[in-house]
Amino acid sequence: MSSAAKKRFSLTPKEYQSLAKKREPARPILQNCIRAFLSGGVICLIGQAISTLFQTYAGMTQEQAGLPTIVILILLSVILTSLGVYDKIAQWAGAGSAVPVTGFANSMASAAIEHRSEGIVLGIATRMFKLAGAVVVFGTVSAFVVAVVHWIIGTGGQS
Amino acid sequence: MKLGKQTWLFQEPPVIISRAAVVGPDEGEGPLGKDFDIIHDDPFVGEKSWEKAERKLLEEAALLAVQKADMSIDQVDLFIGGDLLNQIISATFASRTFGIPYLGVFGACSTSMESLALAALTVSTKFADYALAGTSSHNSTAERQFRYPTEYGSQKPPTAQNTATGAGAALVARKGQGPRITCATIGKIVDMGITDPFNMGAAMAPAAADTIKTHLADRGVSPGFYDLIVTGDLGAVGSTMVRELFAHSGVPIEETTYDDCGLLLYDREKQQVFAGGSGCACSAAVTYGHLLKRMEQGELKRILVVATGSLQSPLTIQQKESIPGIAHAVALEYGGGQ
């Protein structure tokens, strides 16, 4: 292939690949970082506001408010996904909308919506974890590793 | 008649007696909107799944092309079609509706010219009196098969391309009014080792350059022989690369107008399509809707349409294979001669 390509284009595949790399429009990394920072921050700010509301008006402690706050964020994300808005936000926000819990909810809801046409069991239920599955696997594995380290150091969960 | 190793010269050039292009909302809003026969505002086209929607687009384009020739589908001898989906389901299920002999072909986005070249071949050899070539793609079926669920929030890089929603069909006959198919060059797989599925333009550009160079050499002409040489869906990145390759291999492309269907289909300033359009419908709708119309209006006499295909699957990408590219060229002429 290499010599054939050389003969055809007077370029080896390697040379072509580096030329393609050079001509590729650069990803706007700085802009992506700023947008991710802003959008991720806004999502966290909304979370904080919800948590504060639970503490102020429902008499919950900070710890108690955690769970319902996450539930509401997930619900918001699923609603935005269903309305076809979340993917548009994500093109702008990038990692800012992918990393928080809303991104996880979007990955499950979008897969569920997409595979509805293949039925409830083999479509929705089987495919729902198509993207989220990896997060669950690596989350569990890393939790296990941390637990083992914790156990060896000997703080025994009491810290 | 064979010219060189890869080019078919049709001594009695078959004629595209009618054609149709059907598109989705984004394509309709693009600069070529007025050239398409049907523009759907609803990406579901009134169907229940994306796949059924794509199939309907293809059925509409094919049946409309036949209807425009004052014929019925039963009078057509052969349908040659394909699409991007697994087991080319759009073309196959559309053929179930048509109920006529069917040849399914796959060349990814090069299917438009692959099917047109084969239709011309069957007609010119008299194995068919009327052959219908058609292809389709749908943004959401492609997203879901090749990338992520349509509503999943992932950020696309500037090299990505937007799969066009639509379908195009052309009815080919031995005699009649319309652009003549004079020549076809069947491409080879060219793989220069590009592995990024979000940069298909760069992956397909070498195949396009190879087919164009071979076509010109086989036919013994230079680019200036054509009023327009147009590639299928290289987009902004791929057309830059193909120009680089022309420069490296000494093809004087500046003699003619070179353009790309992926750049013609959308307004990249206003529409979020990244490097441009892609998909079977991109070259099919632009050629059958826009370019043939320009030929009929006398703006273009001789054009070379080079449909490009990137033949990867999600499986081969995950197994770290590079992306094989292919390009098939069809030369069209209008007026003069006959």
# chains A, B, ... in the order shown; residues from 1 in each chain; ligands from 1
>>> interface_residues(of="chain B", to="chain A", cutoff="8 Å", atoms="only C-alpha atoms", output="PDB file with N, CA and C atoms, in the first residue's frame")
ATOM      1  N   LYS B  48     -43.329   6.138  12.039  1.00  0.00           N
ATOM      2  CA  LYS B  48     -43.129   5.897  13.469  1.00  0.00           C
ATOM      3  C   LYS B  48     -41.667   5.724  13.860  1.00  0.00           C
ATOM      4  N   SER B  49     -40.818   5.371  12.911  1.00  0.00           N
ATOM      5  CA  SER B  49     -39.397   5.230  13.253  1.00  0.00           C
ATOM      6  C   SER B  49     -38.558   5.941  12.201  1.00  0.00           C
ATOM      7  N   ARG B 144     -27.741   7.192  14.703  1.00  0.00           N
ATOM      8  CA  ARG B 144     -28.017   6.100  15.615  1.00  0.00           C
ATOM      9  C   ARG B 144     -27.193   4.858  15.264  1.00  0.00           C
ATOM     10  N   PRO B 149     -27.118   7.800  20.173  1.00  0.00           N
ATOM     11  CA  PRO B 149     -28.552   8.089  20.082  1.00  0.00           C
ATOM     12  C   PRO B 149     -28.754   9.562  19.701  1.00  0.00           C
ATOM     13  N   THR B 150     -29.800   9.844  18.928  1.00  0.00           N
ATOM     14  CA  THR B 150     -29.954  11.198  18.379  1.00  0.00           C
ATOM     15  C   THR B 150     -30.046  12.276  19.447  1.00  0.00           C
ATOM     16  N   GLU B 151     -30.622  11.933  20.604  1.00  0.00           N
ATOM     17  CA  GLU B 151     -30.777  12.964  21.647  1.00  0.00           C
ATOM     18  C   GLU B 151     -29.612  12.984  22.628  1.00  0.00           C
ATOM     19  N   TYR B 152     -28.590  12.168  22.388  1.00  0.00           N
ATOM     20  CA  TYR B 152     -27.455  12.129  23.310  1.00  0.00           C
ATOM     21  C   TYR B 152     -26.612  13.386  23.126  1.00  0.00           C
ATOM     22  N   GLY B 153     -26.208  13.965  24.250  1.00  0.00           N
ATOM     23  CA  GLY B 153     -25.446  15.207  24.189  1.00  0.00           C
ATOM     24  C   GLY B 153     -23.963  14.972  24.039  1.00  0.00           C
ATOM     25  N   SER B 154     -23.498  14.888  22.801  1.00  0.00           N
ATOM     26  CA  SER B 154     -22.046  14.790  22.601  1.00  0.00           C
ATOM     27  C   SER B 154     -21.626  15.954  21.712  1.00  0.00           C
ATOM     28  N   GLN B 155     -20.432  16.426  21.954  1.00  0.00           N
ATOM     29  CA  GLN B 155     -19.961  17.588  21.200  1.00  0.00           C
ATOM     30  C   GLN B 155     -19.202  17.110  19.964  1.00  0.00           C
ATOM     31  N   LYS B 156     -19.578  17.620  18.808  1.00  0.00           N
ATOM     32  CA  LYS B 156     -18.905  17.180  17.584  1.00  0.00           C
ATOM     33  C   LYS B 156     -17.766  18.118  17.223  1.00  0.00           C
ATOM     34  N   PRO B 157     -16.669  17.561  16.716  1.00  0.00           N
ATOM     35  CA  PRO B 157     -15.539  18.405  16.329  1.00  0.00           C
ATOM     36  C   PRO B 157     -15.817  19.097  14.985  1.00  0.00           C
ATOM     37  N   PRO B 158     -15.044  20.134  14.648  1.00  0.00           N
ATOM     38  CA  PRO B 158     -15.293  20.869  13.389  1.00  0.00           C
ATOM     39  C   PRO B 158     -15.061  20.037  12.120  1.00  0.00           C
ATOM     40  N   THR B 159     -14.391  18.879  12.244  1.00  0.00           N
ATOM     41  CA  THR B 159     -14.174  18.038  11.060  1.00  0.00           C
ATOM     42  C   THR B 159     -15.374  17.136  10.772  1.00  0.00           C
ATOM     43  N   MET B 192      -5.584   5.429   3.204  1.00  0.00           N
ATOM     44  CA  MET B 192      -4.316   6.072   3.567  1.00  0.00           C
ATOM     45  C   MET B 192      -4.128   6.104   5.086  1.00  0.00           C
ATOM     46  N   GLY B 193      -4.892   5.297   5.780  1.00  0.00           N
ATOM     47  CA  GLY B 193      -4.651   5.119   7.207  1.00  0.00           C
ATOM     48  C   GLY B 193      -5.322   6.105   8.141  1.00  0.00           C
ATOM     49  N   ILE B 194      -6.310   6.861   7.639  1.00  0.00           N
ATOM     50  CA  ILE B 194      -7.058   7.765   8.531  1.00  0.00           C
ATOM     51  C   ILE B 194      -7.989   6.905   9.399  1.00  0.00           C
ATOM     52  N   ALA B 202     -11.223  13.577   5.088  1.00  0.00           N
ATOM     53  CA  ALA B 202      -9.808  13.267   4.869  1.00  0.00           C
ATOM     54  C   ALA B 202      -9.629  11.799   4.513  1.00  0.00           C
ATOM     55  N   ASP B 210      -7.816   9.623  -6.634  1.00  0.00           N
ATOM     56  CA  ASP B 210      -7.392   8.477  -7.445  1.00  0.00           C
ATOM     57  C   ASP B 210      -8.364   8.220  -8.593  1.00  0.00           C
ATOM     58  N   VAL B 237     -13.041  19.820   4.859  1.00  0.00           N
ATOM     59  CA  VAL B 237     -11.733  19.221   5.132  1.00  0.00           C
ATOM     60  C   VAL B 237     -11.309  18.348   3.963  1.00  0.00           C
ATOM     61  N   THR B 240     -10.295  20.276   0.788  1.00  0.00           N
ATOM     62  CA  THR B 240      -8.947  20.843   0.928  1.00  0.00           C
ATOM     63  C   THR B 240      -7.909  19.766   0.652  1.00  0.00           C
ATOM     64  N   MET B 241      -8.146  18.573   1.206  1.00  0.00           N
ATOM     65  CA  MET B 241      -7.186  17.479   1.037  1.00  0.00           C
ATOM     66  C   MET B 241      -7.126  17.011  -0.413  1.00  0.00           C
ATOM     67  N   LEU B 245      -3.930  16.753  -2.933  1.00  0.00           N
ATOM     68  CA  LEU B 245      -3.531  15.555  -3.677  1.00  0.00           C
ATOM     69  C   LEU B 245      -3.435  15.840  -5.179  1.00  0.00           C
ATOM     70  N   HIS B 248      -0.148  17.456  -5.586  1.00  0.00           N
ATOM     71  CA  HIS B 248       0.950  16.493  -5.465  1.00  0.00           C
ATOM     72  C   HIS B 248       1.070  15.581  -6.674  1.00  0.00           C
ATOM     73  N   SER B 249      -0.097  15.224  -7.279  1.00  0.00           N
ATOM     74  CA  SER B 249      -0.005  14.254  -8.365  1.00  0.00           C
ATOM     75  C   SER B 249      -0.155  14.918  -9.734  1.00  0.00           C
TER      76      SER B 249
END
>>> select_by_dssp(residues="region 231-303 of chain B", states="alpha helix (DSSP H)", output="count of residues only")
30
>>> atom_distance(atom1="CA of Gly335 (chain B)", atom2="CA of Thr122 (chain B)")
23.0 Å
>>> residues_around(residues="Asp227 (chain B)", least_positions_apart="3", cutoff="12 Å", atoms="only C-alpha atoms", output="short mmCIF file (atom, residue, chain, number, x, y, z; two decimals) with C-alpha atoms, in the first residue's frame")
data_model
loop_
_atom_site.label_atom_id
_atom_site.label_comp_id
_atom_site.auth_asym_id
_atom_site.auth_seq_id
_atom_site.Cartn_x
_atom_site.Cartn_y
_atom_site.Cartn_z
CA SER B 222 -7.59 17.01 -18.83
CA PRO B 223 -9.88 18.56 -16.16
CA GLY B 224 -10.79 21.42 -18.51
CA VAL B 230 -17.93 17.62 -8.31
CA ILE B 253 -7.78 21.04 -11.47
CA GLU B 254 -7.71 24.85 -11.88
CA GLU B 255 -8.70 24.29 -15.55
CA THR B 256 -12.24 23.55 -14.43
CA THR B 257 -14.62 24.36 -11.59
CA TYR B 258 -14.19 21.93 -8.76
CA ASP B 259 -16.87 21.72 -6.06
CA LEU B 291 -26.88 19.72 -11.02
CA ARG B 294 -28.48 23.31 -14.23
CA MET B 295 -27.63 21.05 -17.16
CA GLY B 298 -27.94 24.96 -20.33
CA GLU B 299 -25.58 26.26 -17.63
CA LEU B 300 -23.52 23.09 -17.66
CA LYS B 301 -22.77 20.89 -20.65
CA ARG B 302 -20.39 18.31 -19.36
CA ILE B 303 -19.91 17.32 -15.75
CA LEU B 304 -18.15 14.60 -13.81
CA VAL B 305 -19.86 13.49 -10.61
CA ALA B 331 -19.69 11.58 -16.66
CA LEU B 332 -22.86 13.34 -17.80
CA GLU B 333 -23.43 15.37 -20.95
CA TYR B 334 -26.33 17.48 -22.07
#
>>> residues_around(residues="Phe54 (chain A)", least_positions_apart="3", cutoff="10 Å", atoms="only C-alpha atoms", output="NGL selection string")
:A and (48-51 or 57-62 or 64-66 or 68-69)
